[in-house]
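Colleague: Pasting structure.txt here (compact mmCIF, C-alpha atoms and all ligand atoms):
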# COMPACT_ATOMS: atom_id res chain seq x y z
CA MET A 1 13.59 -5.66 19.02
CA SER A 2 11.69 -2.69 17.61
CA MET A 3 8.87 -1.42 19.82
CA LYS A 4 7.10 0.14 16.88
CA LYS A 5 3.65 -1.07 15.89
CA ILE A 6 3.48 -3.17 12.75
CA LEU A 7 1.91 -1.87 9.54
CA VAL A 8 1.01 -4.26 6.73
CA SER A 9 -0.56 -3.57 3.35
CA GLY A 10 -0.38 -4.65 -0.27
CA VAL A 11 -1.42 -3.70 -3.77
CA LYS A 12 -2.56 -6.10 -6.48
CA PRO A 13 -0.42 -5.97 -9.63
CA THR A 14 -3.33 -5.51 -12.01
CA GLY A 15 -2.30 -2.45 -14.03
CA ARG A 16 -1.01 1.08 -13.73
CA PRO A 17 -1.87 2.72 -10.41
CA HIS A 18 -3.89 5.93 -10.50
CA ILE A 19 -4.10 8.95 -8.24
CA GLY A 20 -7.11 7.40 -6.44
CA ASN A 21 -4.95 4.42 -5.43
CA TYR A 22 -2.22 6.79 -4.37
CA PHE A 23 -4.25 9.15 -2.19
CA GLY A 24 -6.61 6.44 -0.95
CA ALA A 25 -3.92 4.00 0.12
CA MET A 26 -0.35 4.14 -1.19
CA LYS A 27 0.57 7.62 0.04
CA GLN A 28 -0.07 6.48 3.58
CA PHE A 29 2.52 3.72 3.20
CA ALA A 30 5.14 6.40 2.57
CA ASP A 31 3.84 8.84 5.19
CA LEU A 32 3.72 6.22 7.94
CA GLN A 33 6.96 4.36 7.37
CA GLU A 34 8.83 6.41 9.97
CA ASP A 35 6.34 5.62 12.70
CA TYR A 36 5.65 1.95 12.07
CA GLU A 37 7.57 -1.20 11.37
CA SER A 38 6.28 -1.38 7.80
CA ARG A 39 5.76 -4.49 5.70
CA ILE A 40 4.43 -3.80 2.23
CA PHE A 41 3.95 -6.47 -0.40
CA VAL A 42 2.92 -7.09 -4.00
CA ALA A 43 -0.31 -9.12 -3.86
CA ASN A 44 0.52 -11.31 -6.86
CA LEU A 45 -1.34 -14.37 -5.53
CA HIS A 46 -4.45 -12.21 -5.32
CA ALA A 47 -3.90 -10.99 -8.89
CA LEU A 48 -4.04 -14.62 -10.09
CA THR A 49 -7.82 -14.42 -9.81
CA THR A 50 -7.74 -12.27 -12.94
CA ILE A 51 -4.30 -12.54 -14.57
CA GLN A 52 -3.35 -15.86 -16.07
CA ASN A 53 -0.38 -14.89 -18.20
CA LYS A 54 3.28 -15.33 -17.14
CA GLN A 55 4.69 -12.19 -18.82
CA GLU A 56 1.88 -9.97 -17.65
CA MET A 57 2.13 -11.25 -14.08
CA GLU A 58 5.90 -10.81 -13.94
CA GLN A 59 5.90 -7.38 -15.54
CA ASN A 60 3.01 -6.04 -13.46
CA SER A 61 4.56 -7.35 -10.25
CA PHE A 62 7.91 -5.74 -10.99
CA ASP A 63 6.08 -2.52 -11.89
CA VAL A 64 4.42 -2.39 -8.48
CA VAL A 65 7.84 -2.63 -6.83
CA LEU A 66 8.98 0.32 -8.97
CA ASP A 67 5.81 2.19 -7.99
CA TYR A 68 6.54 1.58 -4.31
CA LEU A 69 10.09 2.84 -4.63
CA ALA A 70 8.98 5.84 -6.71
CA ILE A 71 6.42 7.00 -4.13
CA GLY A 72 9.23 7.09 -1.61
CA LEU A 73 9.14 3.77 0.21
CA ASP A 74 12.62 3.39 1.63
CA PRO A 75 13.79 -0.23 1.73
CA GLU A 76 15.78 0.62 4.87
CA LYS A 77 12.51 1.43 6.63
CA THR A 78 9.90 -0.61 4.81
CA THR A 79 10.27 -4.30 4.03
CA LEU A 80 9.11 -4.81 0.44
CA TYR A 81 8.22 -8.33 -0.70
CA LEU A 82 6.29 -10.47 -3.11
CA GLN A 83 3.37 -12.30 -1.53
CA SER A 84 4.36 -15.44 -3.44
CA ASP A 85 7.80 -15.47 -1.76
CA VAL A 86 5.99 -16.41 1.45
CA PRO A 87 4.07 -19.58 0.53
CA HIS A 88 3.00 -20.00 4.17
CA LEU A 89 0.33 -17.39 3.44
CA ALA A 90 -1.50 -19.84 1.21
CA GLU A 91 -1.21 -22.50 3.90
CA LEU A 92 -2.69 -20.17 6.51
CA ALA A 93 -5.47 -19.18 4.12
CA TRP A 94 -6.40 -22.88 3.85
CA ILE A 95 -6.58 -23.20 7.63
CA PHE A 96 -8.85 -20.13 7.74
CA GLU A 97 -10.99 -21.56 4.93
CA CYS A 98 -11.69 -24.58 7.10
CA LEU A 99 -12.95 -22.34 9.91
CA THR A 100 -15.21 -20.25 7.70
CA THR A 101 -18.68 -20.95 6.38
CA MET A 102 -19.80 -20.33 2.81
CA PRO A 103 -22.76 -18.09 3.78
CA TYR A 104 -20.36 -15.84 5.67
CA LEU A 105 -18.07 -15.38 2.64
CA MET A 106 -21.06 -14.88 0.35
CA ARG A 107 -21.64 -11.58 2.10
CA ALA A 108 -18.41 -10.13 0.63
CA HIS A 109 -19.07 -7.08 -1.58
CA ALA A 110 -16.34 -8.11 -4.01
CA PHE A 111 -17.88 -11.56 -4.45
CA LYS A 112 -21.37 -10.14 -4.85
CA ASP A 113 -20.14 -7.66 -7.47
CA ALA A 114 -18.34 -10.42 -9.36
CA GLU A 115 -21.42 -12.60 -9.17
CA ALA A 116 -23.61 -9.82 -10.50
CA LYS A 117 -21.28 -9.41 -13.49
CA ASN A 118 -20.57 -12.98 -14.53
CA LYS A 119 -21.70 -16.47 -13.80
CA GLU A 120 -18.44 -18.39 -13.63
CA ILE A 121 -16.47 -17.00 -10.73
CA ASN A 122 -13.32 -18.84 -9.78
CA VAL A 123 -12.84 -20.22 -6.27
CA GLY A 124 -9.98 -17.74 -5.78
CA VAL A 125 -12.38 -14.81 -5.98
CA PHE A 126 -14.61 -16.46 -3.41
CA ASN A 127 -11.76 -17.25 -1.00
CA TYR A 128 -9.99 -13.93 -1.61
CA PRO A 129 -10.84 -12.41 1.81
CA LEU A 130 -9.25 -15.33 3.66
CA LEU A 131 -5.95 -15.07 1.79
CA MET A 132 -6.08 -11.38 2.59
CA ALA A 133 -6.73 -12.23 6.25
CA ALA A 134 -3.61 -14.43 6.17
CA ASP A 135 -1.58 -11.58 4.58
CA ILE A 136 -2.61 -9.32 7.40
CA VAL A 137 -2.39 -11.53 10.47
CA ALA A 138 0.63 -13.72 9.65
CA PRO A 139 3.04 -10.75 9.83
CA ASP A 140 1.28 -9.56 13.03
CA ALA A 141 -0.26 -6.37 11.64
CA ASP A 142 -1.50 -3.79 14.11
CA VAL A 143 -2.65 -1.45 11.35
CA VAL A 144 -3.65 -1.89 7.71
CA PRO A 145 -3.77 1.29 5.60
CA VAL A 146 -6.26 0.78 2.75
CA GLY A 147 -8.90 2.64 0.77
CA GLN A 148 -12.52 2.63 1.87
CA ASP A 149 -13.49 -0.26 -0.44
CA GLN A 150 -11.18 -2.64 1.47
CA LYS A 151 -12.79 -1.98 4.84
CA GLN A 152 -14.96 -5.08 4.71
CA HIS A 153 -11.93 -7.26 3.97
CA VAL A 154 -10.18 -6.01 7.08
CA GLU A 155 -13.38 -6.73 9.03
CA PHE A 156 -13.22 -10.32 7.73
CA ALA A 157 -9.63 -10.55 8.94
CA ARG A 158 -10.76 -9.33 12.37
CA ASP A 159 -13.57 -11.89 12.54
CA THR A 160 -11.11 -14.60 11.54
CA VAL A 161 -8.67 -13.62 14.29
CA GLU A 162 -11.50 -13.71 16.81
CA LYS A 163 -12.56 -17.16 15.67
CA PHE A 164 -9.08 -18.69 15.45
CA ASN A 165 -8.05 -17.35 18.85
CA ARG A 166 -11.28 -18.62 20.43
CA ILE A 167 -10.83 -22.13 19.06
CA PHE A 168 -7.05 -22.59 19.33
CA GLY A 169 -5.94 -20.03 21.92
CA GLU A 170 -4.47 -16.52 21.68
CA THR A 171 -2.32 -16.50 18.53
CA PHE A 172 -3.04 -13.51 16.31
CA LYS A 173 -3.21 -9.78 17.00
CA MET A 174 -6.42 -7.89 16.23
CA PRO A 175 -5.66 -5.64 13.22
CA GLU A 176 -7.22 -2.22 12.62
CA ALA A 177 -7.98 -0.70 9.22
CA LEU A 178 -6.48 2.75 8.69
CA ILE A 179 -8.74 4.63 6.31
CA LEU A 180 -8.45 8.32 5.54
CA GLU A 181 -12.04 9.46 5.17
CA SER A 182 -10.94 12.67 3.41
CA VAL A 183 -9.66 10.72 0.40
CA ALA A 184 -11.93 7.70 0.66
CA ALA A 185 -13.22 7.92 -2.91
CA THR A 186 -11.48 9.97 -5.58
CA PRO A 187 -13.80 10.54 -8.53
CA GLY A 188 -12.63 9.50 -11.99
CA THR A 189 -12.81 11.59 -15.16
CA ASP A 190 -16.40 10.42 -15.72
CA GLY A 191 -17.53 11.25 -12.19
CA GLN A 192 -17.79 7.63 -11.02
CA LYS A 193 -15.24 6.33 -8.50
CA MET A 194 -11.81 6.35 -10.16
CA SER A 195 -10.98 2.73 -10.94
CA LYS A 196 -8.75 0.72 -13.25
CA SER A 197 -11.84 -1.19 -14.33
CA TYR A 198 -13.76 1.91 -15.46
CA ASN A 199 -11.21 3.47 -17.81
CA ASN A 200 -11.62 6.81 -16.05
CA THR A 201 -8.26 7.20 -14.33
CA ILE A 202 -5.47 9.71 -14.11
CA PRO A 203 -2.45 7.39 -13.89
CA LEU A 204 -0.09 8.18 -11.01
CA PHE A 205 2.92 8.17 -13.33
CA ALA A 206 1.16 9.73 -16.31
CA SER A 207 3.14 11.68 -18.91
CA ASP A 208 2.33 15.39 -19.32
CA GLU A 209 0.38 14.57 -22.48
CA GLU A 210 -1.65 11.93 -20.66
CA ILE A 211 -2.38 14.38 -17.87
CA ASP A 212 -3.65 17.01 -20.33
CA LYS A 213 -5.80 14.48 -22.10
CA ALA A 214 -7.30 13.02 -18.92
CA VAL A 215 -7.97 16.39 -17.30
CA MET A 216 -9.61 17.84 -20.41
CA SER A 217 -11.92 14.82 -20.53
CA ILE A 218 -13.22 15.31 -16.97
CA VAL A 219 -16.99 15.49 -17.04
CA THR A 220 -18.21 18.81 -15.66
CA ASP A 221 -21.64 19.79 -14.47
CA SER A 222 -22.77 23.22 -15.59
CA ALA A 223 -24.89 24.26 -12.63
CA ALA A 224 -22.94 25.87 -9.81
CA GLY A 225 -19.97 27.45 -11.55
CA VAL A 226 -17.62 25.12 -9.70
CA PRO A 227 -16.91 21.90 -11.62
CA GLU A 228 -17.31 19.34 -8.87
CA ASN A 229 -15.04 16.59 -10.19
CA VAL A 230 -12.27 18.99 -11.21
CA TYR A 231 -12.41 20.53 -7.76
CA ALA A 232 -12.41 17.16 -5.96
CA ILE A 233 -9.27 16.03 -7.80
CA HIS A 234 -7.62 19.41 -7.37
CA ALA A 235 -8.31 19.28 -3.62
CA LEU A 236 -6.01 16.27 -3.35
CA ILE A 237 -2.96 18.26 -4.35
CA LYS A 238 -3.72 21.88 -3.49
CA ASP A 239 -4.04 23.70 -0.23
CA LYS A 240 -7.71 24.47 0.60
CA ALA A 241 -7.32 28.25 0.91
CA ASP A 242 -5.48 28.59 -2.42
CA LEU A 243 -7.92 26.24 -4.06
CA ASP A 244 -11.02 28.12 -2.95
CA ALA A 245 -9.48 31.44 -3.99
CA LEU A 246 -8.73 30.04 -7.44
CA TYR A 247 -12.21 28.55 -7.92
CA GLU A 248 -13.81 31.82 -6.80
CA GLU A 249 -11.69 33.86 -9.19
CA LYS A 250 -12.32 31.53 -12.12
CA LYS A 251 -15.96 30.78 -11.40
CA GLY A 252 -17.65 29.28 -14.46
CA LYS A 253 -14.38 29.20 -16.46
CA TYR A 254 -14.09 25.47 -16.69
CA LYS A 255 -11.35 25.45 -19.28
CA ASP A 256 -9.10 27.71 -17.16
CA LEU A 257 -9.76 25.60 -14.08
CA LYS A 258 -8.92 22.42 -15.94
CA GLU A 259 -5.71 23.97 -17.22
CA ALA A 260 -4.78 24.98 -13.70
CA LEU A 261 -5.46 21.44 -12.48
CA ALA A 262 -3.37 19.96 -15.29
CA GLU A 263 -0.44 22.25 -14.42
CA ASP A 264 -0.64 21.38 -10.73
CA LEU A 265 -0.84 17.67 -11.53
CA LYS A 266 2.23 17.93 -13.74
CA ALA A 267 4.19 19.62 -10.95
CA PHE A 268 3.05 16.94 -8.53
CA ILE A 269 3.49 13.87 -10.74
CA GLY A 270 6.68 14.96 -12.57
CA PRO A 271 9.21 14.31 -9.79
CA MET A 272 7.66 10.92 -8.90
CA ARG A 273 7.70 9.92 -12.55
CA GLU A 274 11.40 10.86 -12.71
CA ARG A 275 12.18 8.88 -9.60
CA ARG A 276 10.41 5.88 -11.07
CA LYS A 277 12.53 6.19 -14.20
CA GLU A 278 15.69 6.19 -12.11
CA TRP A 279 14.68 2.94 -10.40
CA GLU A 280 13.70 1.47 -13.74
CA GLY A 281 17.33 1.93 -14.78
CA LYS A 282 18.56 -0.16 -11.84
CA PRO A 283 16.68 -3.47 -12.20
CA ASP A 284 19.33 -5.48 -10.36
CA GLU A 285 19.10 -3.27 -7.34
CA VAL A 286 15.31 -3.52 -7.40
CA LYS A 287 15.49 -7.32 -7.63
CA LYS A 288 17.91 -7.41 -4.70
CA ILE A 289 15.53 -5.32 -2.56
CA ILE A 290 12.59 -7.60 -3.28
CA THR A 291 14.61 -10.79 -2.81
CA GLU A 292 15.94 -9.66 0.56
CA GLY A 293 12.49 -8.50 1.66
CA GLY A 294 11.06 -11.89 0.71
CA LEU A 295 13.71 -13.78 2.65
CA LYS A 296 13.17 -11.63 5.72
CA MET A 297 9.39 -12.04 5.70
CA ARG A 298 9.62 -15.73 4.95
CA LYS A 299 11.67 -16.22 8.12
CA ILE A 300 9.30 -14.10 10.27
CA ILE A 301 6.18 -15.81 8.94
CA HIS A 302 7.79 -19.26 9.08
CA ASP A 303 8.32 -18.77 12.82
CA LYS A 304 4.73 -17.62 13.22
CA MET A 305 3.50 -20.68 11.33
CA ILE A 306 5.36 -23.05 13.64
CA ASP A 307 3.22 -21.68 16.44
CA VAL A 308 0.06 -21.91 14.30
CA ARG A 309 0.76 -25.49 13.16
CA ASN A 310 1.50 -26.47 16.71
CA LYS A 311 -1.74 -24.96 18.03
CA VAL A 312 -3.81 -26.58 15.28
CA GLY A 313 -2.12 -29.96 15.85
CA LEU A 314 -0.21 -30.21 12.62
CA ILE A 315 3.21 -30.90 14.07
CA HIS A 316 4.08 -34.47 14.82
CA HIS A 317 5.24 -34.82 18.40
CA ALA A 318 6.73 -38.28 18.90
P1 LIG B 401 -9.06 -0.21 -8.71
O1 LIG B 401 -10.49 0.05 -8.30
O2 LIG B 401 -8.54 0.92 -9.52
O3 LIG B 401 -8.86 -1.56 -9.37
P2 LIG B 401 -7.75 -1.42 -6.45
O4 LIG B 401 -8.94 -2.26 -6.15
O5 LIG B 401 -6.54 -2.07 -7.04
O6 LIG B 401 -8.20 -0.20 -7.38
O7 LIG B 401 -7.35 -0.65 -5.13
C1 LIG B 401 -6.04 -0.46 -4.61
C2 LIG B 401 -6.13 0.45 -3.39
O8 LIG B 401 -6.52 1.78 -3.77
C3 LIG B 401 -7.17 -0.01 -2.37
O9 LIG B 401 -6.69 0.21 -1.05
C4 LIG B 401 -8.36 0.86 -2.67
O10 LIG B 401 -9.19 1.02 -1.55
C5 LIG B 401 -7.72 2.18 -3.11
N1 LIG B 401 -8.56 2.90 -4.07
C6 LIG B 401 -8.96 2.43 -5.29
N2 LIG B 401 -9.70 3.35 -5.96
C7 LIG B 401 -9.79 4.43 -5.16
C8 LIG B 401 -10.43 5.71 -5.28
N3 LIG B 401 -11.10 6.06 -6.37
N4 LIG B 401 -10.33 6.57 -4.25
C9 LIG B 401 -9.64 6.23 -3.13
N5 LIG B 401 -9.01 5.04 -2.95
C10 LIG B 401 -9.08 4.14 -3.94
N1 LIG B 402 -7.35 -6.61 -1.61
C1 LIG B 402 -6.43 -5.49 -1.72
C2 LIG B 402 -6.84 -4.65 -2.93
O1 LIG B 402 -7.56 -5.10 -3.78
C3 LIG B 402 -4.99 -5.96 -1.88
C4 LIG B 402 -4.55 -6.74 -0.70
C5 LIG B 402 -4.33 -8.09 -0.67
C6 LIG B 402 -4.30 -6.24 0.60
N2 LIG B 402 -3.94 -8.47 0.59
C7 LIG B 402 -3.89 -7.36 1.39
C8 LIG B 402 -4.33 -4.97 1.19
C9 LIG B 402 -3.55 -7.23 2.74
C10 LIG B 402 -4.00 -4.86 2.53
C11 LIG B 402 -3.61 -5.98 3.30
O2 LIG B 402 -6.43 -3.51 -3.04
Go ahead and render the structure in this file as structure tokens.
Modeller:
Amino acid sequence: MSMKKILVSGVKPTGRPHIGNYFGAMKQFADLQEDYESRIFVANLHALTTIQNKQEMEQNSFDVVLDYLAIGLDPEKTTLYLQSDVPHLAELAWIFECLTTMPYLMRAHAFKDAEAKNKEINVGVFNYPLLMAADIVAPDADVVPVGQDQKQHVEFARDTVEKFNRIFGETFKMPEALILESVAATPGTDGQKMSKSYNNTIPLFASDEEIDKAVMSIVTDSAAGVPENVYAIHALIKDKADLDALYEEKKGKYKDLKEALAEDLKAFIGPMRERRKEWEGKPDEVKKIITEGGLKMRKIIHDKMIDVRNKVGLIHHA
């Protein structure tokens, strides 16, 4: 058996990923796959809170698998799977729901944000952190690479482990969030946090035209001579010394700096976009990878659930 620590994470299939998603979370999946036993999934059950359309769900989910392969996840090293191929996760979430109080879950930022925006929130949004806890603890995660905004969810998973183990005996490992502070919040083209919901993204697999358009639309301040948002995005892909030299040389020349950023983004995104295209041309191979990953994780988590059901008293012993 592998002695490596276990890494688990997932991305919701809710639209095209952007460079904030990549640097905040996804890049780490690729960087860490040598050092960890990696289990990375498509969080399609989580996406059901917002997507209720068969075609959209199927297409988006397949797209995330392509994204994973394009950023360099190697199916020999990382097990890739669909969350829905492991239905035990929903069972475990239910068990956790029965151990958790409503006031505790009401503290979730995601729930509070949703509540502030609309009145009719579905129960899935409310229970979301407990399904996420199941995703994390069922495959025995030691570490969970995520962006800063998921920190609280990992804390909920930790609290849930503590509670379950106290009531039923030592069963789950205590997971740790892995958050890179340096890329915790990539700004979008409007200066707010880059997010699919704000329409301010630079898509990770953008075409050259899309890159030009997005970069030229970046909001710049006119005070210091260094356009803050342009610089912050540029810093993700360029060495600090080269970057500072460039911004010194081109002080105040926002158009030149934007052009330089667009060129660097094209050089960075181009090869990943090509790799994605190659995988897109091999759908059967992609389906095979995801089917095998699902079968493997289903077996691992099934075994874990036998222990859980036994501890909770859900197995009939004659
Ligand atoms: P979005 O806000 O675009 O809908 P998600 O909620 O799907 O993004 O987040 C997917 C992953 O990417 C999470 O781990 C999240 O923390 C990370 N992430 C999202 N936006 C950013 C950002 N602007 N900077 C850094 N990381 C981010
Ligand atoms: N909630 C995460 C997001 O919005 C996605 C996710 C679901 C996840 N389950 C997870 C991430 C388990 C890490 C581990 O981005």
Colleague: Taking all atoms listed in the file into account, name the residue in A:Asp239, A:Asp135, A:Glu259, A:Asp284 that is nearest to Leu92 (chain A).
Modeller: A:Asp135
Colleague: Between A:Leu32, A:Met26, A:Ile202, A:Val8, which one has atoms that come closest to ligand LIG 401 (chain B), using only C-alpha atoms and all ligand atoms?
Modeller: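 Nearest to ligand LIG 401 (chain B): A:Met26.
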Colleague: Of the residues A:Lys287, A:His88, A:Lys173, A:Lys119, which is the one nearest to Leu131 (chain A), using only C-alpha atoms?
Modeller: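 So, comparing all the options, the nearest one is A:His88.
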Colleague: Within 7 Å of ligand LIG 401 (chain B) (counting all atoms listed in the file), which residues show up? I'd like them as a VMD selection string.
Modeller: chain A and resid 11 to 12 14 17 to 18 20 to 25 146 to 150 183 to 188 193 to 197
Colleague: Out of A:Gly270, A:Pro75, A:Pro139, A:Pro129, which residue has the shortest atom-to-atom distance to Met174 (chain A) when counting only C-alpha atoms?
Modeller: A:Pro139
Colleague: Between CA of Pro271 (chain A) and CA of Gln83 (chain A), what distance in Å does the model show, to one decimal?
Modeller: 28.5 Å
Colleague: With only C-alpha atoms as the atoms that count, which of A:Ala114, A:Ala134, A:Ala235, A:Val64 lies nearest to Val154 (chain A)?
Modeller: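 When distances to Val154 (chain A) are compared using only C-alpha atoms, the smallest one comes from A:Ala134.
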Colleague: Need the axis-aligned box for region 45-55 of chain A with 6 Å each side, so what are the centre and edges in Å to one decimal, as JSON?
Modeller:
{"center_x": -1.6, "center_y": -13.4, "center_z": -12.1, "size_x": 24.5, "size_y": 16.9, "size_z": 25.5}
Colleague: Starting from the point (7.9, 3.0, -12.5), work out which residues of protein, DNA or RNA have an atom no more than 12 Å away when counting all atoms listed in the file; state them as a PyMOL selection string.
Modeller: chain A and resi 15-17+59-72+203-207+269+271-283+286
Colleague: For Lys304 (chain A), which of A:Ala138, A:Val226, A:Ala108, A:Val125 is the closest residue, counting all atoms listed in the file?
Modeller: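 Checking each candidate against Lys304 (chain A), we get A:Ala138 as the closest.
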